Each structure stands twice: as C-alpha cells, then as structure tokens.
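Working notes, structure below.
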Protein chains: 4
Amino acid sequence: MSFQGVMRPGHVELRVLDLPVAANYYENVLGLEKVGQDAKGRMYFKAWDETDHHSVVLEEGDEAGMNHMAWKVSSTDALADFEKRLEKRGIKVERISKGEQDGCGERVRFTAPTGHRFELYADKDHVGNGLDVVNPDVWPDGLRGMKPTRLDHCLVYGEDLDGSVSVFSEALGFHLTERVIAGDGKTVIAAFLTCSNKPHDVAFIRSPGAPRFHHASFCLDSWMDLQHAADIIAKKNVALDIGPTRHGITRVSTIYFFDPSGNRNEVFAGGYFYYPDRPTLTWTEDQVGKAIFYYERALNERFMTTTTAGA
Amino acid sequence: MSFQGVMRPGHVELRVLDLPVAANYYENVLGLEKVGQDAKGRMYFKAWDETDHHSVVLEEGDEAGMNHMAWKVSSTDALADFEKRLEKRGIKVERISKGEQDGCGERVRFTAPTGHRFELYADKDHVGNGLDVVNPDVWPDGLRGMKPTRLDHCLVYGEDLDGSVSVFSEALGFHLTERVIAGDGKTVIAAFLTCSNKPHDVAFIRSPGAPRFHHASFCLDSWMDLQHAADIIAKKNVALDIGPTRHGITRVSTIYFFDPSGNRNEVFAGGYFYYPDRPTLTWTEDQVGKAIFYYERALNERFMTTTTAGA
Amino acid sequence: MSFQGVMRPGHVELRVLDLPVAANYYENVLGLEKVGQDAKGRMYFKAWDETDHHSVVLEEGDEAGMNHMAWKVSSTDALADFEKRLEKRGIKVERISKGEQDGCGERVRFTAPTGHRFELYADKDHVGNGLDVVNPDVWPDGLRGMKPTRLDHCLVYGEDLDGSVSVFSEALGFHLTERVIAGDGKTVIAAFLTCSNKPHDVAFIRSPGAPRFHHASFCLDSWMDLQHAADIIAKKNVALDIGPTRHGITRVSTIYFFDPSGNRNEVFAGGYFYYPDRPTLTWTEDQVGKAIFYYERALNERFMTTTTAGA
Amino acid sequence: MSFQGVMRPGHVELRVLDLPVAANYYENVLGLEKVGQDAKGRMYFKAWDETDHHSVVLEEGDEAGMNHMAWKVSSTDALADFEKRLEKRGIKVERISKGEQDGCGERVRFTAPTGHRFELYADKDHVGNGLDVVNPDVWPDGLRGMKPTRLDHCLVYGEDLDGSVSVFSEALGFHLTERVIAGDGKTVIAAFLTCSNKPHDVAFIRSPGAPRFHHASFCLDSWMDLQHAADIIAKKNVALDIGPTRHGITRVSTIYFFDPSGNRNEVFAGGYFYYPDRPTLTWTEDQVGKAIFYYERALNERFMTTTTAGA
C-alpha cells in the first residue's frame with residue numbers, strides 16, 4: 001500500500017488529578033517509558049517499541065479526561081493536504097506551534113463533530129526503541145509492568161457519531177472495519193475505523209451530550225502477557241473494569257482498568273489483520289453483548305456509562 | 001495510510017511432484033482450506049482467515065518450485081498504473097487473462113531482475129473466511145492442521161538482488177525494512193521489503209545463478225500455535241529444516257520444514273508492527289547467524305543451500 | 001514419596017436431566033472421550049490423558065447433581081485398610097460390587113459428614129490414553145472441544161465441613177493446602193485438600209443444610225487452552241459462570257460454566273506444585289474475593305449460591 | 001498418596017570454575033534467588049517458589065561438575081529408615097553433620113553404583129517463597145532472568161545404570177516412568193525415575209567409565225516462558241546446546257544451555273502428570289532421536305558427549 005496519509009495514533013494527551021501518582025502508575029504499573037517533563041509540568045511517556053519521542057502526555061488538571069488525540073501523518077505535504085481537506089468540509093483548523101509539546105513538530109488541530117479535539121502532525125523527534133539499528137536484539141532490557149509495545153487506539157463517546165465517522169473516512173482516509181447497528185437497522189451506534197492493517201485505530205460510540213473519553217488502549221504481544229497484566233492489576237490493586245475477556249469486535253483479547261484518576265485504560269492482544277478489501281463487519285444491537293464481551297455475552301453497566309471528559 | 005497500491009501477497013503458485021500427496025499435505029498437515037481444482041488439474045487452497053478465492057495454487061510438474069508469486073493491488077487503476085511504471089523501467093509485462101486461474105481476474109506478469117515471475121492483479125472472487133459478516137464468531141469450526149491464518153510472504157534467491165529491490169521499492173512502492181550487508185560494508189546480501197505494516201511481504205537473498213525459491217511462509221496466531229505446529233511436524237513425520245526458533249530479522253518466531261516435494265514452508269508468529277518512519281535495520285555479515293537464527297546464532301548449511309526452482 | 005494410599009480422583013458420577021444432550025456436551029463441547037454406555041443406560045467418559053476406563057459417569061435423573069465421587073487407591077490392601085480406618089471412626093461403609101459400574105472393581109462407599117457420598121476403589125480397567133506405550137507421540141489425533149487432560153477435583157458444599165476435613169485428613173491421608181477463615185478467626189469456611197502434588201484434589205465449603213455439589217474440574221495444559229475453551233463457550237452458547245480469571249487460592253487460571261443440566265464445570269490451568277512441607281495457606285474472610293477471584297477481587301452471587309444436588 | 005519417603009530433589013551442589021562469574025549467571029541469567037555464602041565460600045541459591053533455604057550450591061573448583069545431589073525425605077524417621085535400607089543392600093552410607101551446608105540438617109550420603117554421590121536429609125531451614133502465608137499473591141515482585149520455579153531433576157551418566165536404578169527403585173521407592181532399550185531388546189540405556197507426580201525426578205544414562213554429570217533442570221511455568229528464556233540465552237550470549245524443542249520422553253518442552261563453567265542446565269515446561277498405575281513407557285534405540293528431541297528426531301553429538309564431572 002502507499003504509505004501516504006495518516007500513519008497511526010501518535011499520542012494522546014490525558015488530564016490526571018495527581019501527576020506524581022499518575023506518573024508512577026503509567027511508568028511502573030502500565031509500564032511505559034518515562035521520556036521527560038516539560039516547562040509546563042506535563043510528563044511525556046512512550047511504549048517501549050515506539051520510536052518517536054512520546055505517545056502519552058499527562059497534564060495535571062481538576063477533571064480527568066482526554067485533552068486531545070494526535071495522529072502522525074506521512075509528511076508535511078500530507079499535513080497541509082489534510083488541513084485543506086478539513087477546511088473544505090467547513091471544519092475549523094488551528095496550527096499549534098512546533099515545540100508546544102516537547103519533541104513534537106507543528107500540529108494541525110481540529111474539533112471533530114463529536115466534540116473531541118484531534119490533531120495531525122508530521123514530525124516528532126526520533127528517539128528509538130532502545131534497540132540498536134545495527135544487529136538489534138528482540139527486546140531491550142529493563143522492561144517493566146505490563147510491557148505494552150505501543151499506544152494502539154482510543155475510543156470516545158459523542159453525539160454526532162456520523163459526523164466524526166465522515167470526517168475520518170472522507171477527509172482522513174480511514175476505513176470502517178466494524179460497526180454496531182441499532183434495532184432500527186440503520187442507526188450506527190458504534191463505529192470502528194482504521195488507517196492501517198489494524199482492526200481499528202479509533203472508535204466512536206454514539207452518546208448524547210458532551211464529548212466523553214472512554215479509553216486509551218495499549219498493545220501487548222500475547223494472551224500470556226494479558227495474564228501477566230491481570231496479575232499486576234490484582235497485585236497492585238488497580239481498579240479493574242472487566243477482563244481478561246475477548247471482544248467479538250476486532251477479535252482481540254482484552255482487559256479494561258482505570259488509571260488512578262479514573263481514565264480507563266485497555267491492554268489487549270491479538271485481533272485480525274485488516275485489508276481494505278475485507279467487508280465491513282456489522283453487529284446488531286441484540287448481539288451487542290457478544291460484540292463487546294464475547295465471553296460474557298452481556299455488557300456491564302460500568303463499561304457503558306463510566307467515562308471521563310472528552311475535551 | 002492510503003490504501004492505494006500493492007495490498008498484499010495474493011497467492012503463490014507452486015509446482016509439486018505428486019499432486020494428491022501434496023494436496024493432502026497442504027490441506028491436512030499445513031491445514032489450508034481446499035477451494036477446488038481447475039480444468040488444468042491445478043488445485044486451489046486458502047488459509048482460513050483469507051477472504052479471497054485462493055492464496056496457494058499447486059500444479060503438478062517434474063521439478064518442485066515456484067511458478068510465480070502474485071500481489072493483489074487496490075484497484076484496476078492501480079494495476080494499470082503499476083504496469084506503466086514497470087514498462088517505464090524497461091521491464092516487459094504481460095497480461096494474463098481473467099480466469100486463467102479459477103476465481104482470479106486479469107493479471108499483469110513480469111519477470112523481476114532476479115529472474116522470478118511476479119504478477120499483479122486487482123480482482124479475485126471474494127469467498128469469505130467462513131465467518132458471518134453479521135455478528136461473526138472469532139474463528140470458524142473445522143480448522144485443521146497448523147491452522148495458518150494467511151499466506152504471509154515468500155523468500156527467493158537470485159543474482160540481481162539490487163535490481164529486484166529497486167523494482168519493488170521504486171516501481172511498486174515497497175519499503176526496505178531490514179537488510180544484511182556483506183563484509184565489504186556495502187553489498188546487500190539479503191533484503192526484506194514490505195508493502196504493509198508487516199515486517200516483510202517479500203525477501204530476496206543474493207545468490208549466483210538461476211532464480212531459486214527458498215520458502216513460502218504462513219502466519220500463525222501465537223508462539224503456542226508454533227508448538228502445536230512442531231508437534232504436528234513430528235507426529236506426521238514432516239521433514240523439519242529448523243525450529244522452533246526465532247529470527248533476529250523481523251523478530252518473528254519460526255519453524256521451517258518441507259512439503260512432500262521439497263518446497264520449503266515456514267510457519268511463524270509474532271514480529272513487530274512496521275511503520276514507514278522506522279529506520280531500516282541493518283545486519284552485518286559477522287552477525288548473520290543471529291540475524292537469521294537468533295537462538296542458535298549460527299546458520300545451518302541446509303537452510304542456506306537447499307532450495308527449489310525459482311521460475 | 002511412597003505411592004501408597006489414595007492416588008487421585010478416579011471418577012465423578014453426575015446426574016443429568018437429558019442424557020443425549022448431556023452426552024453431546026461432555027463429548028463435543030467439554031471434549032471428553034466417550035467410552036461406552038452400560039445396561040442401566042449410564043454413559044462413561046474419560047479425559048484423553050487418563051488411562052483408566054472412565055472418570056465421568058452420567059446418569060439421567062430428575063434432578064441434576066453428583067451421585068458420588070470416587071477415589072482410586074494404590075492397592076486392594078490399601079482399600080481394605082481405608083475401610084477399616086473409616087469404620088474405626090464410626091463411619092458406615094458399604095461394598096459396591098465389581099462391575100456395578102462398567103470397568104470398575106469393587107468400591108467402598110461411605111457418606112462423609114457433609115453428607116456427600118464418596119467411594120474408594122483399587123481397580124479399574126486400563127484402557128490407555130490413545131498413545132502407544134512404545135515410542136509414544138505427545139498427544140493423540142482426534143482431540144475435540146476443550147481437550148481436558150484429566151478430571152482434576154470436585155468442590156462441594158456442606159454443613160459439617162470440619163467433619164469431612166477430619167475424615168479426609170486423618171482417615172484418608174490428605175493434606176490441607178489452603179483454607180479460608182471466617183471473621184471470628186477460627187471457623188474454617190473453605191478447605192482445600194490434596195492427596196498428591198496438586199494444590200487440591202477435593203474442596204469443601206461450609207454451607208448449611210443438605211449437601212450440595214458446586215463443580216467438577218478438568219485440567220487443561222495452559223492459559224492458551226483456557227482462551228480456546230472460552231472461545232468454545234461463546235461459540236457453542238454454553239452458560240458461562242465466570243472467567244477466564246485466576247484463583248488466589250491454588251493460583252490456577254480458571255473458567256466456570258454449566259453443563260446443559262446446570263451442573264457447574266471448571267476448566268483450569270497452572271497452579272503450584274504442592275509438597276507436604278509447605279505451610280497451609282490461610283485466607284481471611286475480608287480477602288475472600290481475592291482468594292476466589294484474584295482479578296475481580298469480589299465474589300459473584302451466582303458462584304456462591306448456584307449449586308446442584310450433592311447426594 | 002502417602003507423603004512418606006523421598007519427597008523431592010532438595011539441592012544439587014555444583015562445582016564452578018569462577019565463582020563470581022557463576023554466581024552472576026545463576027542469579028541474573030538463570031534467575032535464581034541468592035540466599036547467601038558460607039564460611040567455606042560456597043554460595044547458596046533457590047528458585048523463587050521453593051520454600052527451603054537452598055536448592056543450588058556453588059563451590060569453586062578446578063573442574064566443573066556435580067559434587068552431589070540431595071533429596072529431601074519426609075521425616076527423620078524416614079531418613080533413618082532409608083539409611084538402613086541402603087546399608088542392607090551393602091551400600092556404604094555416611095552421615096554429614098547438620099550445618100555442613102548452611103541451613104541444612106544432617107545428611108545421609110551414599111555413592112550410587114554409577115559412582116555419583118547422592119544424599120538424603122529431612123530438615124532444611126524454611127525461608128518461604130517470598131509470598132505471605134496469609135492472603136498471598138500469585139508471584140512475588142522482583143523476579144529476574146528465566147524465573148524458574150524449582151530445581152526439578154538431574155540427569156547423570158554412569159556405567160552401572162542397572163545398579164543405580166535398583167537402588168532408587170528398591171531402596172528409595174522411586175518408580176521407573178520411561179526407559180530407552182538398546183537394539184538387543186533388553187539393555188536399558190536410559191532410565192527415568194520419579195518419586196512424585198512428575199515424569200521424572202532423576203535420570204540415568206548408561207555410559208562407560210567415570211560418573212559424569214549431564215544436566216540440572218529447572219522448571220518454568222509455560223512454553224511462553226521458554227521463549228523468554230531462549231531470548232535471554234541469545235541476548236546474554238549464553239552457550240546454547242539445543243532448543244526450544246520437545247522431548248518425546250516426558251513430553252516436556254525444553255532448552256539446554258551451559259553455565260559459564262560448562263555445566264549443562266535445562267529449563268523446561270509441561271510434561272504429563274504421573275501416577276504409579278501408568279505403565280512404564282519404552283523407547284527403542286532406533287527411535288532414540290524422537291525420544292530425546294521429538295521435533296528434530298535426531299540426536300546431536302554435543303548433547304550426547306559433552307558432560308562435566310559426576311563426582
């Protein structure tokens with residue numbers, strides 16, 4: 001495929017209630033690498049197998065939630081092109097200066113129809129994954145916690161799901177891999193979108209009112225690593241939401257839990273390898289239990305209703 | 001990313017010495033799905049999670065080897081575009097009629113500088129993966145053998161490695177993910193190329209003389225499935241080459257073995273998720289043992305020298 | 001250690017409401033081997049790696065539950081010796097004739113203080129595990145369902161827990177590996193007993209009233225096999241109780257679910273290797289959630305209260 | 001079963017050429033817990049889930065090898081009883097004083113017919129496994145390296161295999177689980193003996209001349225942990241012998257490698273659960289490749305001939 005366009009989730013900027021507590025959690029329990037702290041006090045983290053400067057930014061605030069989610073695009077030309085495409089759709093964009101976040105180049109910010117802030121950028125400092133580029137080993141020493149390999153995706157709740165899906169599909173080139181349809185047979189109540197061979201890079205759930213943040217997800221290597229993660233959740237007394245279980249949607253095995261501020265995290269493993277000639281999979285509302293929690297075949301109230309701020 | 005261009009390895013057409021014996025092996029030992037047989041006697045197979053008509057074609061012949069490897073591209077426009085790009089490089093292309101292979105649309109054939117025949121096509125009958133597109137399960141009943149999910153890549157030996165790498169990089173849009181460099185510090189003796197988020201979709205090894213076929217590789221879900229595959233290799237008395245072991249290159253865990261005609265197969269699991277802004281990894285010749293067999297840190301003669309015909 | 005005494009759970013005889021439905025479940029969903037059916041209509045099953053004639057007997061009845069659980073002892077001398085020891089404690093024993101169950105030698109039946117019927121026997125027909133005794137493979141072809149390797153243990157509910165623990169400890173030579181203590185600091189509310197290197201071979205939960213049957217447990221090879229089992233539970237629409245999760249007690253990973261008659265089954269993997277010089281582990285009532293479901297750290301009502309008849 | 005008699009391999013005392021180098025390897029690469037060092041300079045280690053003071057003792061010497069392997073028995077009465085049984089067979093026994101090894105009670109030493117020194121003891125300081133005995137977690141923090149759970153068994157080479165097998169079977173109560181028979185149909189060339197539910201606790205290979213030490217084996221939880229161990233072997237440049245592979249004998253998955261002094265180590269996972277009513281499995285010499293290395297179905301010269309001193 002052509003490697004032009006949106007490459008991947010580049011980072012998520014989260015608000016946390018107590019930065020030192022959160023930083024300890026993200027570094028030692030989830031197991032990200034701490035990259036540094038900027039003049040504004042924000043802390044930067046990355047998963048070990050990511051090569052750019054950061055994929056998680058923590059900012060202390062009065063209310064937990066997501067400030068924005070940012071996407072790395074393939075080039076500055078692509079960045080300018082996406083900016084134009086968004087503007088053509090009547091979406092207001094804003095340029096955030098290079099260096100506003102440590103290590104990150106200029107960002108193009110826009111607010112999606114669901115009310116969430118997304119950003120695009122083409123440049124971020126390359127810091128490597130801790131392995132040599134000549135004769136590398138297969139993993140670096142010193143991994144901690146759940147040892148996630150990458151920030152994988154975010155899932156958010158918002159009212160104008162159709163609008164955000166349109167923006168990501170039509171302006172940003174994403175594909176709709178799976179969707180949940182309401183009992184009326186037409187209203188999309190959940191949409192899973194990808195810009196890669198992953199089964200999703202972002203997902204939207206239709207939900208009335210203000211934009212909400214449901215979870216940021218991190219990739220583990222295997223179902224065995226999920227067991228290890230679940231052990232850590234118990235040992236460290238992390239608030240579990242649900243799992244280990246499996247999603248019917250995307251087929252991934254999963255655990256949901258909460259950071260100390262109440263932001264939901266997911267770690268997962270597996271899932272299929274998406275190609276754009278695969279048909280969009282559809283789930284009907286009566287099977288939404290199986291769609292979300294394949295083993296339990298029922299939703300839990302907490303999973304559906306507990307979220308943090310989405311903007 | 002833009003889903004334009006070469007999507008994936010679509011199929012490999014292999015020559016086998018005894019078709020019924022080979023068909024039994026590919027269906028019941030490796031564990032592909034048998035799709036059918038055409039008027040010329042060729043047999044068609046697919047891995048369970050592939051949705052197109054076939055990914056492996058077996059033709060009986062006097063000498064084992066690879067007839068050609070074919071790539072699915074994103075559209076007929078892309079197909080025509082690649083045809084032009086190849087011709088511009090002075091590479092002779094040939095159109096193979098729709099239906100020459102059951103279920104496959106028109107193919108554009110060319111011979112790469114290493115002497116191997118490759119093909120491009122935009123259309124193949126969609127047969128699905130045995131799961132519903134509405135409320136699907138996570139795997140279908142009736143899986144057999146090693147239960148591979150997809151044809152993943154081929155590795156071939158040829159003299160003009162630089163030429164083939166140029167064609168795939170420049171005309172077809174592949175990225176060089178890893179390479180092995182000779183003691184002279186510049187001659188590339190092995191090149192790994194991707195058109196996706198996989199660490200490779202095709203690989204070339206520099207080798208004097210006629211084009212040779214080294215292996216076709218199939219993807220398994222996990223290291224546990226590799227153990228299951230190795231058990232089957234022993235139980236069914238399949239000729240093992242090496243493994244379970246791990247590649248330094250691509251980080252995947254792997255087993256190599258031979259089909260009843262002597263064509264080498266690989267099953268593997270794992271490996272990193274490639275993005276085009278990752279640096280090309282380089283292996284030096286003195287570390288080629290670790291590059292190829294990370295655990296043994298030494299090559300075996302059979303792996304280096306036993307191949308079947310590459311054209 | 002001396003291999004004298006009670007060796008292992010030999011079989012469990014369960015009552016089911018609809019024998020053909022149950023037989024299909026135990027054979028094709030759980031994945032036991034069907035051994036045969038006797039003149040009384042009872043059906044016999046074994047797990048694949050067991051070498052004796054049967055480990056599960058199904059009898060059709062009006063109420064689901066456990067008829068009895070039987071233990072294989074090391075010799076007919078040991079059988080006679082245990083009979084005497086039980087009688088010395090004032091426990092009435094009864095000899096059940098050889099052949100009352102197909103393939104099983106004479107059994108010594110007694111009712112434990114909790115009201116459950118247990119049996120001892122020294123002989124059962126050896127049918128093998130489907131592998132040769134000369135140059136065997138590592139597993140046989142034709143495994144189905146969850147592929148359990150053995151009946152592992154049963155857990156039962158009863159009032160006189162102390163009495164049953166005494167009988168198993170003092171008369172039958174079991175060791176108390178773990179226990180849960182009530183808030184009063186002395187009342188044992190759950191007791192886990194072993195006659196082997198396993199963390200338990202039988203367990204008792206203190207519960208007022210008639211004897212109840214909580215679950216029969218089957219051993220899987222690994223956490224990966226638990227994922228496969230959970231997939232089957234979802235695909236075949238089996239009633240899930242809870243899991244995949246982990247027990248703090250015994251450390252095993254586990255899934256609970258129900259046979260079509262409502263008898264609870266468990267499949268599990270892992271757990272520590274017990275030696276009699278390990279200290280008995282104690283769980284306090286305030287930590288009983290973590291003791292039972294290590295990940296959730298909370299009990300579910302269904303797990304605590306849904307049982308079938310224990311006699 | 002009765003928990004009387006020989007319980008398990010208690011420890012192995014190894015000679016190493018450079019103690020600091022060896023200690024670093026056993027602590028940080030293999031991943032044992034360092035317990036201490038005695039006045040004679042010997043260093044003591046244990047695997048994390050063992051509860052006694054030590055299971056590996058390292059002594060610096062001019063030649064690598066095994067000083068002795070020791071067995072923990074169930075009581076001082078059992079110790080005295082075994083002493084008598086050995087003497088009755090004409091085997092000279094020697095009492096080693098309590099405290100000769102740190103933390104270990106009085107030992108009964110004898111030389112087996114193959115020339116290897118074995119010892120029995122009933123008491124060793126209980127130090128725990130790093131987890132609480134009240135409301136324990138499932139594993140302790142701070143595990144390193146390959147994270148073995150226990151010393152599992154040793155395999156030794158010696159001339160009078162029949163003699164040593166007789167002593168272990170008849171005097172010490174072991175069971176013969178598997179054996180390899182020579183082409184003459186009667187000479188036992190390899191014998192695997194257990195005193196527990198494990199497929200073996202010690203093994204003897206017939207080999208002319210002086211007693212030799214082949215390997216000490218450590219148990220891992222899973223095939224996934226074997227991959228992790230193999231990764232460490234490669235990353236830390238440990239000398240690999242063979243693996244990951246599988247044994248036909250015992251069914252375990254395995255890797256062999258060498259400590260810095262040339263003593264062979266094994267880590268393994270899996271294997272069946274032995275009961276004394278299982279038939280002894282027999283391997284014929286023509287299938288010895290499959291017996292030892294199930295995947296390769298061939299022995300390697302190094303595995304057969306490289307050993308260190310056995311006394």
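Chains: A, B, ... in order of the structure tokens. Residues: from 1 per chain. Ligands: from 1, in order shown.
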
I need the contact residues of chain C against chain A, so if you could list those with any atom within 12 Å, counting only C-alpha atoms, and return them as a ChimeraX atom specification, that would help. /C:222-248,251-257,269-270,289-291,293-298

With a distance cut-off of 12 Å and only C-alpha atoms, select the neighbouring residues of A:Arg117, excluding the residue or stretch itself and same-chain residues fewer than 3 positions from it, and output the selection as a PyMOL selection string. chain A and resi 12-14+65-71+91-94+107-114+120+156+158+164+211-213+309-311

For B:Arg8, please output as a PyMOL selection string all residues within 12 Å (counting only C-alpha atoms; exclusion window: fewer than 5 positions along the same chain). (chain A and resi 1-2+197+273-277) or (chain B and resi 3+50+52+55+69-74+119-122+150-154+172-174+193-198+200-202)

Between atom CA of A:Arg15 and atom CA of A:Glu83, distance in Å (one decimal): 26.2 Å

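All residues in stretch 167-290 of chain D with a DSSP state of alpha helix (DSSP H), computed from the backbone, read D:Trp223, D:Met224, D:Asp225, D:Leu226, D:Gln227, D:His228, D:Ala229, D:Ala230, D:Asp231, D:Ile232, D:Ile233, D:Ala234, D:Lys235, D:Val288, D:Gly289, D:Lys290.
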
Suppose you want the space between atom CA of B:Val29 and atom CA of D:Glu178; what is it in Å? 29.0 Å

Just list as a PyMOL selection string whatever in stretch 188-265 of chain C DSSP marks as strand (DSSP E or B). chain C and resi 188-194+202-206+212-219+239-246+253-258+264-265

Shell around A:Asp160 at 12 Å using only C-alpha atoms, local window under 4 positions removed, as a PDB file with N, CA and C atoms, in the first residue's frame:
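Once written, result.pdb looks like this:
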ATOM      1  N   THR A 111     -11.575  20.196  15.794  1.00  0.00           N
ATOM      2  CA  THR A 111     -12.563  19.560  16.663  1.00  0.00           C
ATOM      3  C   THR A 111     -13.512  18.752  15.792  1.00  0.00           C
ATOM      4  N   ALA A 112     -13.583  17.462  16.096  1.00  0.00           N
ATOM      5  CA  ALA A 112     -14.449  16.588  15.308  1.00  0.00           C
ATOM      6  C   ALA A 112     -15.906  16.861  15.673  1.00  0.00           C
ATOM      7  N   PRO A 113     -16.834  16.434  14.810  1.00  0.00           N
ATOM      8  CA  PRO A 113     -18.258  16.679  15.088  1.00  0.00           C
ATOM      9  C   PRO A 113     -18.739  16.117  16.426  1.00  0.00           C
ATOM     10  N   THR A 114     -18.090  15.105  16.945  1.00  0.00           N
ATOM     11  CA  THR A 114     -18.452  14.603  18.275  1.00  0.00           C
ATOM     12  C   THR A 114     -17.943  15.500  19.393  1.00  0.00           C
ATOM     13  N   GLY A 115     -17.140  16.522  19.032  1.00  0.00           N
ATOM     14  CA  GLY A 115     -16.666  17.453  20.044  1.00  0.00           C
ATOM     15  C   GLY A 115     -15.266  17.164  20.559  1.00  0.00           C
ATOM     16  N   HIS A 116     -14.655  16.097  20.087  1.00  0.00           N
ATOM     17  CA  HIS A 116     -13.299  15.757  20.551  1.00  0.00           C
ATOM     18  C   HIS A 116     -12.256  16.503  19.727  1.00  0.00           C
ATOM     19  N   VAL A 156     -13.927   6.885  21.958  1.00  0.00           N
ATOM     20  CA  VAL A 156     -14.578   8.065  22.536  1.00  0.00           C
ATOM     21  C   VAL A 156     -16.084   8.016  22.310  1.00  0.00           C
ATOM     22  N   SER A 164     -18.381  12.514  12.860  1.00  0.00           N
ATOM     23  CA  SER A 164     -16.969  12.182  13.073  1.00  0.00           C
ATOM     24  C   SER A 164     -16.530  11.041  12.150  1.00  0.00           C
ATOM     25  N   VAL A 165     -17.413  10.077  11.944  1.00  0.00           N
ATOM     26  CA  VAL A 165     -17.073   8.981  11.035  1.00  0.00           C
ATOM     27  C   VAL A 165     -16.836   9.526   9.624  1.00  0.00           C
ATOM     28  N   SER A 166     -17.664  10.460   9.204  1.00  0.00           N
ATOM     29  CA  SER A 166     -17.475  11.060   7.879  1.00  0.00           C
ATOM     30  C   SER A 166     -16.135  11.759   7.765  1.00  0.00           C
ATOM     31  N   VAL A 167     -15.801  12.527   8.770  1.00  0.00           N
ATOM     32  CA  VAL A 167     -14.526  13.242   8.728  1.00  0.00           C
ATOM     33  C   VAL A 167     -13.359  12.258   8.617  1.00  0.00           C
ATOM     34  N   THR A 187     -29.327   3.059  12.290  1.00  0.00           N
ATOM     35  CA  THR A 187     -28.517   3.973  13.094  1.00  0.00           C
ATOM     36  C   THR A 187     -27.247   3.269  13.567  1.00  0.00           C
ATOM     37  N   VAL A 188     -26.120   3.871  13.224  1.00  0.00           N
ATOM     38  CA  VAL A 188     -24.840   3.315  13.679  1.00  0.00           C
ATOM     39  C   VAL A 188     -24.603   3.779  15.107  1.00  0.00           C
ATOM     40  N   ILE A 189     -24.477   2.834  16.016  1.00  0.00           N
ATOM     41  CA  ILE A 189     -24.260   3.242  17.408  1.00  0.00           C
ATOM     42  C   ILE A 189     -22.818   3.064  17.843  1.00  0.00           C
ATOM     43  N   ALA A 190     -22.044   2.366  17.034  1.00  0.00           N
ATOM     44  CA  ALA A 190     -20.607   2.264  17.310  1.00  0.00           C
ATOM     45  C   ALA A 190     -19.901   2.065  15.982  1.00  0.00           C
ATOM     46  N   ALA A 191     -18.782   2.763  15.811  1.00  0.00           N
ATOM     47  CA  ALA A 191     -18.040   2.696  14.553  1.00  0.00           C
ATOM     48  C   ALA A 191     -16.559   2.533  14.854  1.00  0.00           C
ATOM     49  N   PHE A 204     -15.714   5.282  17.728  1.00  0.00           N
ATOM     50  CA  PHE A 204     -16.700   6.236  18.238  1.00  0.00           C
ATOM     51  C   PHE A 204     -17.953   5.491  18.683  1.00  0.00           C
ATOM     52  N   ILE A 205     -18.475   5.879  19.828  1.00  0.00           N
ATOM     53  CA  ILE A 205     -19.747   5.360  20.321  1.00  0.00           C
ATOM     54  C   ILE A 205     -20.731   6.530  20.357  1.00  0.00           C
ATOM     55  N   ARG A 206     -21.936   6.299  19.838  1.00  0.00           N
ATOM     56  CA  ARG A 206     -22.952   7.348  19.852  1.00  0.00           C
ATOM     57  C   ARG A 206     -23.463   7.523  21.276  1.00  0.00           C
ATOM     58  N   SER A 207     -23.426   8.732  21.747  1.00  0.00           N
ATOM     59  CA  SER A 207     -23.806   9.006  23.128  1.00  0.00           C
ATOM     60  C   SER A 207     -24.214  10.466  23.221  1.00  0.00           C
ATOM     61  N   PRO A 208     -25.393  10.757  23.749  1.00  0.00           N
ATOM     62  CA  PRO A 208     -25.860  12.130  23.764  1.00  0.00           C
ATOM     63  C   PRO A 208     -25.017  13.006  24.688  1.00  0.00           C
ATOM     64  N   GLY A 209     -24.977  14.294  24.376  1.00  0.00           N
ATOM     65  CA  GLY A 209     -24.340  15.232  25.285  1.00  0.00           C
ATOM     66  C   GLY A 209     -22.897  15.521  24.926  1.00  0.00           C
ATOM     67  N   ALA A 210     -22.168  15.951  25.924  1.00  0.00           N
ATOM     68  CA  ALA A 210     -20.800  16.408  25.747  1.00  0.00           C
ATOM     69  C   ALA A 210     -19.891  15.249  25.345  1.00  0.00           C
ATOM     70  N   PRO A 211     -18.812  15.569  24.663  1.00  0.00           N
ATOM     71  CA  PRO A 211     -17.863  14.518  24.270  1.00  0.00           C
ATOM     72  C   PRO A 211     -17.240  13.869  25.498  1.00  0.00           C
TER      73      PRO A 211
END

For B:Arg264, list every protein, DNA or RNA residue within 9 Å, evaluated using only C-alpha atoms, and leave out those in the same chain fewer than 3 positions away; present the list as a list in words.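 So, after excluding close chain neighbours, the residues are Phe213, His214, His215, Ala216, Ser217, Asp241, Tyr256, Phe257, Phe258, Asp259, Ser261, Thr306, Thr307 and Thr308 of chain B.
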
Enter the distance from atom CA of A:Val134 to atom CA of B:His175, in Å, rounded to one decimal.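 Taking atom CA of A:Val134 and atom CA of B:His175, their separation equals 17.4 Å.
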